[in-house]
Amino acid sequence: MNHEAFGLLANLFAFLDWHEFFFLLFAGVACVAAVMVVLSDNVVRMALHLVLSLGATSGLFFLAGAEFVGAMQLMIYVGGTLVLLVFGVMLTAQTQLVALRTPAGDRVIAGILAAALLAVLVQAAFSIESWQKSGQGVATAPTATPLGMALVGVRVDQVAEENLVRPKSGYLLPFEIVSVHLLVVLIGAAYLARAKRRRVPRSVDLVASADSTKPRSSVAASSTLVAGGPK
Amino acid sequence: MAEFLIETMGFPAWLSWTAIAGLSAFLILNVIAGGALVFIWAERKIAARIQDRLGPTRTGGRFGWLQSLADGIKLLAKEDLMPDGADALLFRIAPYVSFCASFCAFIALPFAFDVVGQRLNVGVFFVVAVLGLEVFGVILAGYASASKWSLFGAMREAAQVVSYEVPLGMCVVVPVMLAGSMDLVTIGEKQAGWASNWFIFHDPFTFIIFWVYYTCALASVNRAPFDLAEAESELVAGFHTEYSGLRWSFFFMAEYGSMFLVSALAAILFLGAWNGPIPVSQLLGLSDGMAANAPYALRLLGCINLFLKATAGVLVMMWIRWTLPRLRIDQVMTTCLKYCTPIAAAMFAGVMLWQLFLPGGLIAGSFQNAAGVREGWLEQSNNQDPDNEDALSDILPSRRIVEVSR
């Protein structure tokens with residue numbers, strides 16, 4: 001009896017395609033969690049489901065051998081959701097916004113939109129011939145180095161071609177432009193969101209300190225400036 | 001190793017792969033759980049000695065070395081309590097989220113050459129990214145506990161971890177730049193040989209940035225003086241106020257696991273990884289200095305090396321915890337934004353310039369300038385490929401690119 005069960009298990013394991021199995025697992029988790037994001041009405045749980053969905057997507061990237069993209073997905077998307085989660089906690093801690101209910105009309109519109117998008121994507125995915133075979137596009141070589149080389153203009157995948165000697169412009173310049181732009185946006189956001197202090201006008205300052213027994217030199221200097229003293 | 005089972009022992013493929021995967025997971029789990037047991041005992045003894053006490057003395061003999069095990073049994077037997085207003089699902093899964101994040105990061109951490117759960121091409125990046133996810137469990141715990149102490153603790157932790165990821169990332173980039181790879185195994189391999197090959201002694205900038213890394217690592221695992229998330233004098237116990245029993249101990253396993261992880265990462269990135277300060281095996285002629293050809297016994301020694309270094313890092317963390325007072329939240333932010341980040345950025349630029357003008361480190365670099373290195377490299381390429389010397393100058397960049405891309 002035990003032997004039979006073991007044999008059955010062995011057969012099951014031997015015929016199980018692990019790649020397929022993990023693909024279905026990660027894809028299933030990603031899809032179910034994504035649906036749960038929409039269906040749950042608690043912001044923190046939504047964020048948790050979003051983390052699950054994005055994490056499973058990064059699992060798919062690792063499965064395809066795209067380790068750099070997978071780690072990126074973890075760092076940026078899953079890590080970024082952390083901030084969303086923090087905001088969710090801050091908003092719902094006051095028990096006003098614990099439940100977010102979507103009106104039925106919105107649900108219908110969103111459903112139609114999502115179904116249309118899904119239809120387009122499915123149609124597009126199945127129309128590409130090279131995607132039809134399974135096991136296609138699994139990277140076996142390390143992916144980070146070619147990406148880095150492409151950034152500075154060397155396409156390693158086209159290494160046989162002669163244009164390699166004189167590298168073309170890479171993705172470095174667009175990347176730098178985008179990152180500087182992002183930095184400007186961040187500084188602007190920090191400037192707008194900073195705690196605003198009430199500026200006391202200088203003249204008030206002058207009047208207030210004018211009657212002190214020892215006027216400071218800077219006050220004296222600025223008062224001569226205000227009075228339009230000798231140049 | 002699975003290939004060895006299949007080819008030499010004649011095991012079926014599915015059994016070998018599953019067995020090896022299970023074995024790796026089991027070993028990593030035991031590093032975390034067993035490590036937590038030992039480190040908690042060590043922490044109590046060290047704390048006691050620093051405060052001029054004895055600490056645990058009775059359980060299991062003279063030094064109380066079975067104290068953690070006894071505590072573990074006590075925790076197992078404790079009642080699993082949950083507050084009335086708690087979000088049941090989130091409250092239950094929060095400790096596991098923390099623990100899983102800590103566990104996942106160990107998957108890509110090499111303990112010796114090729115003794116690694118899964119060798120990743122982007123190992124450093126993966127470890128840092130996953131380590132940042134541990135805070136998810138803390139925030140969920142703080143939110144789901146329906147207690148203001150927990151919520152305050154979780155919010156503090158979120159602010160702290162998000163801020164300290166910036167300088168931490170900058171510090172981690174420096175060894176990556178020196179080794180030319182994000183693969184942790186390669187980074188460790190580049191530091192083989194004498195202790196002067198370690199990246200911490202590469203140049204003055206790396207020496208400084210190691211301490212910045214250690215500070216940021218301390219903050220990112222929430223150890224004192226950065227333990228605002230569980231400040232017991234003001235927040236009862238912070239995010240785990242409402243937890244008891246085994247769930248509570250999961251948070252602690254995650255914490256000690258992360259402490260060990262960041263210390264091991266420091267050892268791999270800066271302190272020569274699994275290579276000892278003196279290449280004993282090479283001097284004795286037991287190996288040719290290439291870890292790939294080394295016998296398995298030497299890899300085991302490498303494991304011990306790394307464990308010693310990481311444990312030393314953890315012990316220093318404990319020493320710091322029982323020596324320095326806790327920082328205020330504004331001081332924590334000042335340390336991060338006004339000191340760690342600018343210092344890390346300046347050191348990063350410094351290392352970059354050093355690599356440009358004095359490649360090869362402080363000792364090797366001061367004897368041979370950049371031109372000499374280049375000549376030697378040209379000569380080497382000539383020897384490798386004597387057929388087309390004429391065309392060498394033309395195809396040199398491309399050959400180098402091909403070499404790099406392999």
# chains A, B, ... in the order shown; residues from 1 in each chain; ligands from 1

call {"tool": "select_by_dssp", "arguments": {"residues": "range 65-197 of chain B", "states": "alpha helix (DSSP H)", "output": "PDB file with N, CA and C atoms, in the first residue's frame"}}
result
ATOM      1  N   GLN B  67      19.074  28.437  28.158  1.00  0.00           N
ATOM      2  CA  GLN B  67      18.028  29.411  28.493  1.00  0.00           C
ATOM      3  C   GLN B  67      17.101  29.676  27.312  1.00  0.00           C
ATOM      4  N   SER B  68      17.675  29.859  26.113  1.00  0.00           N
ATOM      5  CA  SER B  68      16.838  30.179  24.941  1.00  0.00           C
ATOM      6  C   SER B  68      15.889  29.032  24.625  1.00  0.00           C
ATOM      7  N   LEU B  69      16.391  27.789  24.786  1.00  0.00           N
ATOM      8  CA  LEU B  69      15.546  26.631  24.505  1.00  0.00           C
ATOM      9  C   LEU B  69      14.375  26.588  25.487  1.00  0.00           C
ATOM     10  N   ALA B  70      14.676  26.835  26.761  1.00  0.00           N
ATOM     11  CA  ALA B  70      13.621  26.861  27.768  1.00  0.00           C
ATOM     12  C   ALA B  70      12.611  27.955  27.452  1.00  0.00           C
ATOM     13  N   ASP B  71      13.118  29.124  27.027  1.00  0.00           N
ATOM     14  CA  ASP B  71      12.224  30.221  26.646  1.00  0.00           C
ATOM     15  C   ASP B  71      11.364  29.810  25.459  1.00  0.00           C
ATOM     16  N   GLY B  72      11.977  29.087  24.523  1.00  0.00           N
ATOM     17  CA  GLY B  72      11.232  28.643  23.345  1.00  0.00           C
ATOM     18  C   GLY B  72      10.078  27.742  23.733  1.00  0.00           C
ATOM     19  N   ILE B  73      10.340  26.810  24.656  1.00  0.00           N
ATOM     20  CA  ILE B  73       9.272  25.901  25.104  1.00  0.00           C
ATOM     21  C   ILE B  73       8.179  26.696  25.814  1.00  0.00           C
ATOM     22  N   LYS B  74       8.596  27.665  26.609  1.00  0.00           N
ATOM     23  CA  LYS B  74       7.622  28.503  27.295  1.00  0.00           C
ATOM     24  C   LYS B  74       6.741  29.250  26.286  1.00  0.00           C
ATOM     25  N   LEU B  75       7.383  29.777  25.227  1.00  0.00           N
ATOM     26  CA  LEU B  75       6.624  30.530  24.220  1.00  0.00           C
ATOM     27  C   LEU B  75       5.634  29.629  23.496  1.00  0.00           C
ATOM     28  N   LEU B  76       6.055  28.366  23.238  1.00  0.00           N
ATOM     29  CA  LEU B  76       5.151  27.419  22.575  1.00  0.00           C
ATOM     30  C   LEU B  76       3.902  27.190  23.409  1.00  0.00           C
ATOM     31  N   ALA B  77       4.079  27.155  24.723  1.00  0.00           N
ATOM     32  CA  ALA B  77       2.964  26.828  25.600  1.00  0.00           C
ATOM     33  C   ALA B  77       2.090  28.027  25.916  1.00  0.00           C
ATOM     34  N   ALA B  88      -8.315  40.399  12.142  1.00  0.00           N
ATOM     35  CA  ALA B  88      -7.834  39.040  12.454  1.00  0.00           C
ATOM     36  C   ALA B  88      -6.847  38.515  11.422  1.00  0.00           C
ATOM     37  N   LEU B  89      -7.181  38.627  10.141  1.00  0.00           N
ATOM     38  CA  LEU B  89      -6.317  38.044   9.109  1.00  0.00           C
ATOM     39  C   LEU B  89      -4.945  38.698   9.111  1.00  0.00           C
ATOM     40  N   LEU B  90      -4.932  40.038   9.088  1.00  0.00           N
ATOM     41  CA  LEU B  90      -3.658  40.745   9.018  1.00  0.00           C
ATOM     42  C   LEU B  90      -2.844  40.517  10.279  1.00  0.00           C
ATOM     43  N   PHE B  91      -3.554  40.472  11.426  1.00  0.00           N
ATOM     44  CA  PHE B  91      -2.848  40.243  12.693  1.00  0.00           C
ATOM     45  C   PHE B  91      -2.153  38.898  12.676  1.00  0.00           C
ATOM     46  N   ARG B  92      -2.808  37.907  12.076  1.00  0.00           N
ATOM     47  CA  ARG B  92      -2.230  36.565  12.085  1.00  0.00           C
ATOM     48  C   ARG B  92      -1.057  36.440  11.121  1.00  0.00           C
ATOM     49  N   ILE B  93      -1.180  37.071   9.934  1.00  0.00           N
ATOM     50  CA  ILE B  93      -0.121  36.807   8.948  1.00  0.00           C
ATOM     51  C   ILE B  93       1.079  37.734   9.115  1.00  0.00           C
ATOM     52  N   ALA B  94       0.933  38.840   9.860  1.00  0.00           N
ATOM     53  CA  ALA B  94       2.027  39.820   9.937  1.00  0.00           C
ATOM     54  C   ALA B  94       3.366  39.206  10.358  1.00  0.00           C
ATOM     55  N   PRO B  95       3.429  38.362  11.415  1.00  0.00           N
ATOM     56  CA  PRO B  95       4.734  37.794  11.780  1.00  0.00           C
ATOM     57  C   PRO B  95       5.338  36.952  10.669  1.00  0.00           C
ATOM     58  N   TYR B  96       4.476  36.228   9.934  1.00  0.00           N
ATOM     59  CA  TYR B  96       5.004  35.378   8.867  1.00  0.00           C
ATOM     60  C   TYR B  96       5.559  36.216   7.731  1.00  0.00           C
ATOM     61  N   VAL B  97       4.924  37.374   7.469  1.00  0.00           N
ATOM     62  CA  VAL B  97       5.437  38.247   6.411  1.00  0.00           C
ATOM     63  C   VAL B  97       6.856  38.686   6.753  1.00  0.00           C
ATOM     64  N   SER B  98       7.047  39.122   7.995  1.00  0.00           N
ATOM     65  CA  SER B  98       8.378  39.543   8.427  1.00  0.00           C
ATOM     66  C   SER B  98       9.380  38.414   8.292  1.00  0.00           C
ATOM     67  N   PHE B  99       8.990  37.243   8.771  1.00  0.00           N
ATOM     68  CA  PHE B  99       9.910  36.117   8.769  1.00  0.00           C
ATOM     69  C   PHE B  99      10.248  35.682   7.346  1.00  0.00           C
ATOM     70  N   CYS B 100       9.219  35.661   6.472  1.00  0.00           N
ATOM     71  CA  CYS B 100       9.455  35.233   5.094  1.00  0.00           C
ATOM     72  C   CYS B 100      10.435  36.157   4.391  1.00  0.00           C
ATOM     73  N   ALA B 101      10.303  37.471   4.631  1.00  0.00           N
ATOM     74  CA  ALA B 101      11.211  38.406   3.977  1.00  0.00           C
ATOM     75  C   ALA B 101      12.641  38.114   4.399  1.00  0.00           C
ATOM     76  N   SER B 102      12.833  37.905   5.695  1.00  0.00           N
ATOM     77  CA  SER B 102      14.176  37.609   6.199  1.00  0.00           C
ATOM     78  C   SER B 102      14.697  36.312   5.591  1.00  0.00           C
ATOM     79  N   PHE B 103      13.826  35.309   5.518  1.00  0.00           N
ATOM     80  CA  PHE B 103      14.209  33.997   4.987  1.00  0.00           C
ATOM     81  C   PHE B 103      14.574  34.090   3.511  1.00  0.00           C
ATOM     82  N   CYS B 104      13.749  34.835   2.738  1.00  0.00           N
ATOM     83  CA  CYS B 104      13.978  34.917   1.292  1.00  0.00           C
ATOM     84  C   CYS B 104      15.328  35.536   0.983  1.00  0.00           C
ATOM     85  N   ALA B 105      15.731  36.530   1.790  1.00  0.00           N
ATOM     86  CA  ALA B 105      17.002  37.175   1.504  1.00  0.00           C
ATOM     87  C   ALA B 105      18.151  36.189   1.666  1.00  0.00           C
ATOM     88  N   PHE B 106      17.992  35.212   2.577  1.00  0.00           N
ATOM     89  CA  PHE B 106      19.055  34.231   2.792  1.00  0.00           C
ATOM     90  C   PHE B 106      19.254  33.334   1.579  1.00  0.00           C
ATOM     91  N   ILE B 107      18.223  33.225   0.721  1.00  0.00           N
ATOM     92  CA  ILE B 107      18.326  32.327  -0.428  1.00  0.00           C
ATOM     93  C   ILE B 107      19.505  32.718  -1.314  1.00  0.00           C
ATOM     94  N   GLY B 123      22.743  39.251  -7.092  1.00  0.00           N
ATOM     95  CA  GLY B 123      22.581  38.867  -5.690  1.00  0.00           C
ATOM     96  C   GLY B 123      22.456  40.024  -4.718  1.00  0.00           C
ATOM     97  N   VAL B 124      23.362  41.005  -4.806  1.00  0.00           N
ATOM     98  CA  VAL B 124      23.355  42.127  -3.859  1.00  0.00           C
ATOM     99  C   VAL B 124      22.021  42.857  -3.914  1.00  0.00           C
ATOM    100  N   PHE B 125      21.630  43.125  -5.145  1.00  0.00           N
ATOM    101  CA  PHE B 125      20.413  43.871  -5.392  1.00  0.00           C
ATOM    102  C   PHE B 125      19.208  43.127  -4.794  1.00  0.00           C
ATOM    103  N   PHE B 126      19.184  41.825  -5.019  1.00  0.00           N
ATOM    104  CA  PHE B 126      18.079  40.997  -4.518  1.00  0.00           C
ATOM    105  C   PHE B 126      18.021  41.042  -2.994  1.00  0.00           C
ATOM    106  N   VAL B 127      19.177  40.870  -2.361  1.00  0.00           N
ATOM    107  CA  VAL B 127      19.200  40.837  -0.890  1.00  0.00           C
ATOM    108  C   VAL B 127      18.718  42.165  -0.321  1.00  0.00           C
ATOM    109  N   VAL B 128      19.205  43.275  -0.898  1.00  0.00           N
ATOM    110  CA  VAL B 128      18.801  44.586  -0.373  1.00  0.00           C
ATOM    111  C   VAL B 128      17.312  44.817  -0.602  1.00  0.00           C
ATOM    112  N   ALA B 129      16.821  44.398  -1.788  1.00  0.00           N
ATOM    113  CA  ALA B 129      15.409  44.609  -2.095  1.00  0.00           C
ATOM    114  C   ALA B 129      14.522  43.809  -1.151  1.00  0.00           C
ATOM    115  N   VAL B 130      14.882  42.551  -0.895  1.00  0.00           N
ATOM    116  CA  VAL B 130      14.035  41.697  -0.068  1.00  0.00           C
ATOM    117  C   VAL B 130      14.118  42.116   1.400  1.00  0.00           C
ATOM    118  N   LEU B 131      15.297  42.570   1.795  1.00  0.00           N
ATOM    119  CA  LEU B 131      15.464  42.999   3.186  1.00  0.00           C
ATOM    120  C   LEU B 131      14.520  44.161   3.507  1.00  0.00           C
ATOM    121  N   GLU B 134      10.880  43.460   4.891  1.00  0.00           N
ATOM    122  CA  GLU B 134      10.592  42.995   6.240  1.00  0.00           C
ATOM    123  C   GLU B 134       9.691  43.981   6.974  1.00  0.00           C
ATOM    124  N   VAL B 135       9.822  45.255   6.621  1.00  0.00           N
ATOM    125  CA  VAL B 135       9.053  46.294   7.302  1.00  0.00           C
ATOM    126  C   VAL B 135       7.555  46.149   7.039  1.00  0.00           C
ATOM    127  N   PHE B 136       7.196  45.438   5.949  1.00  0.00           N
ATOM    128  CA  PHE B 136       5.777  45.197   5.671  1.00  0.00           C
ATOM    129  C   PHE B 136       5.093  44.515   6.853  1.00  0.00           C
ATOM    130  N   GLY B 137       5.753  43.466   7.356  1.00  0.00           N
ATOM    131  CA  GLY B 137       5.181  42.732   8.475  1.00  0.00           C
ATOM    132  C   GLY B 137       4.995  43.633   9.683  1.00  0.00           C
ATOM    133  N   VAL B 138       5.977  44.504   9.907  1.00  0.00           N
ATOM    134  CA  VAL B 138       5.905  45.392  11.069  1.00  0.00           C
ATOM    135  C   VAL B 138       4.734  46.358  10.933  1.00  0.00           C
ATOM    136  N   ILE B 139       4.577  46.926   9.733  1.00  0.00           N
ATOM    137  CA  ILE B 139       3.487  47.880   9.536  1.00  0.00           C
ATOM    138  C   ILE B 139       2.134  47.178   9.659  1.00  0.00           C
ATOM    139  N   LEU B 140       2.037  45.991   9.063  1.00  0.00           N
ATOM    140  CA  LEU B 140       0.773  45.247   9.164  1.00  0.00           C
ATOM    141  C   LEU B 140       0.463  44.933  10.627  1.00  0.00           C
ATOM    142  N   ALA B 141       1.494  44.529  11.384  1.00  0.00           N
ATOM    143  CA  ALA B 141       1.283  44.221  12.796  1.00  0.00           C
ATOM    144  C   ALA B 141       0.811  45.457  13.538  1.00  0.00           C
ATOM    145  N   GLY B 142       1.451  46.589  13.259  1.00  0.00           N
ATOM    146  CA  GLY B 142       1.086  47.823  13.942  1.00  0.00           C
ATOM    147  C   GLY B 142      -0.331  48.248  13.624  1.00  0.00           C
ATOM    148  N   TYR B 143      -0.719  48.068  12.369  1.00  0.00           N
ATOM    149  CA  TYR B 143      -2.065  48.479  11.966  1.00  0.00           C
ATOM    150  C   TYR B 143      -3.115  47.517  12.514  1.00  0.00           C
ATOM    151  N   ALA B 144      -2.846  46.214  12.403  1.00  0.00           N
ATOM    152  CA  ALA B 144      -3.871  45.226  12.722  1.00  0.00           C
ATOM    153  C   ALA B 144      -4.079  45.061  14.216  1.00  0.00           C
ATOM    154  N   LYS B 148      -2.778  51.959  19.884  1.00  0.00           N
ATOM    155  CA  LYS B 148      -2.047  53.145  19.414  1.00  0.00           C
ATOM    156  C   LYS B 148      -0.545  52.975  19.575  1.00  0.00           C
ATOM    157  N   TRP B 149      -0.130  52.192  20.579  1.00  0.00           N
ATOM    158  CA  TRP B 149       1.318  51.983  20.749  1.00  0.00           C
ATOM    159  C   TRP B 149       1.878  51.271  19.526  1.00  0.00           C
ATOM    160  N   SER B 150       1.163  50.227  19.092  1.00  0.00           N
ATOM    161  CA  SER B 150       1.621  49.461  17.932  1.00  0.00           C
ATOM    162  C   SER B 150       1.693  50.357  16.702  1.00  0.00           C
ATOM    163  N   LEU B 151       0.656  51.196  16.541  1.00  0.00           N
ATOM    164  CA  LEU B 151       0.586  52.037  15.349  1.00  0.00           C
ATOM    165  C   LEU B 151       1.739  53.037  15.338  1.00  0.00           C
ATOM    166  N   PHE B 152       2.011  53.651  16.502  1.00  0.00           N
ATOM    167  CA  PHE B 152       3.124  54.598  16.576  1.00  0.00           C
ATOM    168  C   PHE B 152       4.434  53.913  16.209  1.00  0.00           C
ATOM    169  N   GLY B 153       4.628  52.724  16.785  1.00  0.00           N
ATOM    170  CA  GLY B 153       5.868  51.995  16.512  1.00  0.00           C
ATOM    171  C   GLY B 153       6.017  51.691  15.039  1.00  0.00           C
ATOM    172  N   ALA B 154       4.918  51.238  14.419  1.00  0.00           N
ATOM    173  CA  ALA B 154       4.979  50.868  13.004  1.00  0.00           C
ATOM    174  C   ALA B 154       5.277  52.086  12.136  1.00  0.00           C
ATOM    175  N   MET B 155       4.659  53.226  12.457  1.00  0.00           N
ATOM    176  CA  MET B 155       4.882  54.421  11.650  1.00  0.00           C
ATOM    177  C   MET B 155       6.335  54.879  11.755  1.00  0.00           C
ATOM    178  N   ARG B 156       6.871  54.817  12.975  1.00  0.00           N
ATOM    179  CA  ARG B 156       8.273  55.202  13.144  1.00  0.00           C
ATOM    180  C   ARG B 156       9.179  54.304  12.326  1.00  0.00           C
ATOM    181  N   GLU B 157       8.878  53.018  12.375  1.00  0.00           N
ATOM    182  CA  GLU B 157       9.719  52.073  11.642  1.00  0.00           C
ATOM    183  C   GLU B 157       9.651  52.340  10.145  1.00  0.00           C
ATOM    184  N   ALA B 158       8.431  52.615   9.657  1.00  0.00           N
ATOM    185  CA  ALA B 158       8.286  52.865   8.216  1.00  0.00           C
ATOM    186  C   ALA B 158       9.133  54.060   7.807  1.00  0.00           C
ATOM    187  N   ALA B 159       9.016  55.165   8.566  1.00  0.00           N
ATOM    188  CA  ALA B 159       9.773  56.374   8.228  1.00  0.00           C
ATOM    189  C   ALA B 159      11.265  56.075   8.231  1.00  0.00           C
ATOM    190  N   GLN B 160      11.692  55.336   9.235  1.00  0.00           N
ATOM    191  CA  GLN B 160      13.121  55.070   9.391  1.00  0.00           C
ATOM    192  C   GLN B 160      13.654  54.190   8.259  1.00  0.00           C
ATOM    193  N   VAL B 161      12.945  53.110   7.987  1.00  0.00           N
ATOM    194  CA  VAL B 161      13.465  52.157   6.998  1.00  0.00           C
ATOM    195  C   VAL B 161      13.478  52.768   5.607  1.00  0.00           C
ATOM    196  N   VAL B 162      12.398  53.521   5.272  1.00  0.00           N
ATOM    197  CA  VAL B 162      12.338  54.127   3.945  1.00  0.00           C
ATOM    198  C   VAL B 162      13.482  55.122   3.772  1.00  0.00           C
ATOM    199  N   SER B 163      13.812  55.883   4.846  1.00  0.00           N
ATOM    200  CA  SER B 163      14.893  56.861   4.729  1.00  0.00           C
ATOM    201  C   SER B 163      16.246  56.182   4.611  1.00  0.00           C
ATOM    202  N   TYR B 164      16.472  55.146   5.410  1.00  0.00           N
ATOM    203  CA  TYR B 164      17.812  54.560   5.456  1.00  0.00           C
ATOM    204  C   TYR B 164      18.116  53.681   4.256  1.00  0.00           C
ATOM    205  N   GLU B 165      17.090  53.382   3.433  1.00  0.00           N
ATOM    206  CA  GLU B 165      17.380  52.590   2.242  1.00  0.00           C
ATOM    207  C   GLU B 165      18.264  53.359   1.275  1.00  0.00           C
ATOM    208  N   VAL B 166      18.177  54.696   1.306  1.00  0.00           N
ATOM    209  CA  VAL B 166      18.932  55.507   0.343  1.00  0.00           C
ATOM    210  C   VAL B 166      20.445  55.407   0.598  1.00  0.00           C
ATOM    211  N   PRO B 167      20.940  55.777   1.812  1.00  0.00           N
ATOM    212  CA  PRO B 167      22.386  55.628   2.020  1.00  0.00           C
ATOM    213  C   PRO B 167      22.849  54.178   1.979  1.00  0.00           C
ATOM    214  N   LEU B 168      21.998  53.265   2.423  1.00  0.00           N
ATOM    215  CA  LEU B 168      22.384  51.847   2.401  1.00  0.00           C
ATOM    216  C   LEU B 168      22.657  51.397   0.966  1.00  0.00           C
ATOM    217  N   GLY B 169      21.746  51.778   0.053  1.00  0.00           N
ATOM    218  CA  GLY B 169      21.935  51.417  -1.346  1.00  0.00           C
ATOM    219  C   GLY B 169      23.218  52.000  -1.903  1.00  0.00           C
ATOM    220  N   MET B 170      23.521  53.254  -1.505  1.00  0.00           N
ATOM    221  CA  MET B 170      24.731  53.901  -2.012  1.00  0.00           C
ATOM    222  C   MET B 170      25.982  53.194  -1.509  1.00  0.00           C
ATOM    223  N   CYS B 171      25.955  52.736  -0.254  1.00  0.00           N
ATOM    224  CA  CYS B 171      27.124  52.037   0.295  1.00  0.00           C
ATOM    225  C   CYS B 171      27.321  50.707  -0.403  1.00  0.00           C
ATOM    226  N   VAL B 172      26.214  50.044  -0.728  1.00  0.00           N
ATOM    227  CA  VAL B 172      26.309  48.713  -1.320  1.00  0.00           C
ATOM    228  C   VAL B 172      26.864  48.795  -2.745  1.00  0.00           C
ATOM    229  N   VAL B 173      26.617  49.939  -3.405  1.00  0.00           N
ATOM    230  CA  VAL B 173      27.068  50.072  -4.796  1.00  0.00           C
ATOM    231  C   VAL B 173      28.600  50.075  -4.892  1.00  0.00           C
ATOM    232  N   VAL B 174      29.272  50.543  -3.847  1.00  0.00           N
ATOM    233  CA  VAL B 174      30.737  50.703  -3.920  1.00  0.00           C
ATOM    234  C   VAL B 174      31.467  49.373  -4.148  1.00  0.00           C
ATOM    235  N   PRO B 175      31.222  48.329  -3.335  1.00  0.00           N
ATOM    236  CA  PRO B 175      31.875  47.049  -3.632  1.00  0.00           C
ATOM    237  C   PRO B 175      31.461  46.479  -4.985  1.00  0.00           C
ATOM    238  N   VAL B 176      30.203  46.736  -5.369  1.00  0.00           N
ATOM    239  CA  VAL B 176      29.752  46.276  -6.691  1.00  0.00           C
ATOM    240  C   VAL B 176      30.608  46.906  -7.778  1.00  0.00           C
ATOM    241  N   MET B 177      30.903  48.203  -7.588  1.00  0.00           N
ATOM    242  CA  MET B 177      31.720  48.922  -8.560  1.00  0.00           C
ATOM    243  C   MET B 177      33.147  48.361  -8.581  1.00  0.00           C
ATOM    244  N   LEU B 178      33.675  48.054  -7.408  1.00  0.00           N
ATOM    245  CA  LEU B 178      35.054  47.551  -7.343  1.00  0.00           C
ATOM    246  C   LEU B 178      35.162  46.161  -7.954  1.00  0.00           C
ATOM    247  N   ALA B 179      34.147  45.326  -7.720  1.00  0.00           N
ATOM    248  CA  ALA B 179      34.214  43.953  -8.215  1.00  0.00           C
ATOM    249  C   ALA B 179      33.743  43.858  -9.662  1.00  0.00           C
ATOM    250  N   LEU B 184      27.113  38.055  -5.670  1.00  0.00           N
ATOM    251  CA  LEU B 184      27.796  38.018  -4.374  1.00  0.00           C
ATOM    252  C   LEU B 184      28.967  37.038  -4.386  1.00  0.00           C
ATOM    253  N   VAL B 185      28.826  35.937  -5.141  1.00  0.00           N
ATOM    254  CA  VAL B 185      29.911  34.955  -5.192  1.00  0.00           C
ATOM    255  C   VAL B 185      31.137  35.567  -5.866  1.00  0.00           C
ATOM    256  N   THR B 186      30.904  36.312  -6.959  1.00  0.00           N
ATOM    257  CA  THR B 186      32.023  36.965  -7.646  1.00  0.00           C
ATOM    258  C   THR B 186      32.670  38.012  -6.759  1.00  0.00           C
ATOM    259  N   ILE B 187      31.844  38.784  -6.045  1.00  0.00           N
ATOM    260  CA  ILE B 187      32.388  39.818  -5.163  1.00  0.00           C
ATOM    261  C   ILE B 187      33.280  39.184  -4.104  1.00  0.00           C
ATOM    262  N   GLY B 188      32.837  38.046  -3.564  1.00  0.00           N
ATOM    263  CA  GLY B 188      33.659  37.368  -2.567  1.00  0.00           C
ATOM    264  C   GLY B 188      34.948  36.846  -3.178  1.00  0.00           C
ATOM    265  N   GLU B 189      34.854  36.340  -4.405  1.00  0.00           N
ATOM    266  CA  GLU B 189      36.023  35.754  -5.077  1.00  0.00           C
ATOM    267  C   GLU B 189      37.102  36.794  -5.332  1.00  0.00           C
TER     268      GLU B 189
END

call {"tool": "residues_around", "arguments": {"residues": "range 212-225 of chain B", "least_positions_apart": "2", "cutoff": "8 Å", "atoms": "only C-alpha atoms", "output": "ChimeraX atom specification"}}
result
/B:132,157,160-161,164-165,167-168,171-172,208-210,227-229,255,258-259,262,266,317,320-322,324-327,336,340,343-344

call {"tool": "residues_around", "arguments": {"residues": "range 108-122 of chain B", "least_positions_apart": "4", "cutoff": "7 Å", "atoms": "only C-alpha atoms", "output": "PyMOL selection string"}}
result
(chain A and resi 67-68+142+144) or (chain B and resi 24+126-127+182-185+274+291+299+302-303+306)

call {"tool": "closest_residue", "arguments": {"among": "B:Met347, B:Met318, B:Leu54, B:Ala146", "to": "chain A", "atoms": "only C-alpha atoms"}}
result
B:Ala146

call {"tool": "atom_distance", "arguments": {"atom1": "CA of Ala312 in chain B", "atom2": "CA of Thr341 in chain B"}}
result
25.5 Å

call {"tool": "atom_distance", "arguments": {"atom1": "CA of Glu43 in chain B", "atom2": "CA of Trp65 in chain B"}}
result
11.6 Å

call {"tool": "atom_distance", "arguments": {"atom1": "CA of Leu315 in chain B", "atom2": "CA of Ile46 in chain B"}}
result
8.5 Å

call {"tool": "closest_residue", "arguments": {"among": "B:Gly35, B:Gly193, B:Gly350, B:Gly55", "to": "Phe252 in chain B", "atoms": "only C-alpha atoms"}}
result
B:Gly35

call {"tool": "closest_residue", "arguments": {"among": "A:Leu85, A:Ala195, A:Ala110, A:Ala119", "to": "chain B", "atoms": "only C-alpha atoms"}}
result
A:Leu85

call {"tool": "closest_residue", "arguments": {"among": "A:Leu151, A:Val78, A:Val38, A:Val86", "to": "Arg107 in chain A", "atoms": "only C-alpha atoms"}}
result
A:Val38

call {"tool": "residues_around", "arguments": {"residues": "Ala47 in chain A", "least_positions_apart": "5", "cutoff": "9 Å", "atoms": "only C-alpha atoms", "output": "ChimeraX atom specification"}}
result
/A:37,42,52,81-82,84-85,88

call {"tool": "closest_residue", "arguments": {"among": "A:Pro103, A:Pro146, A:Gly65, A:Gly55", "to": "chain B", "atoms": "only C-alpha atoms"}}
result
A:Pro146
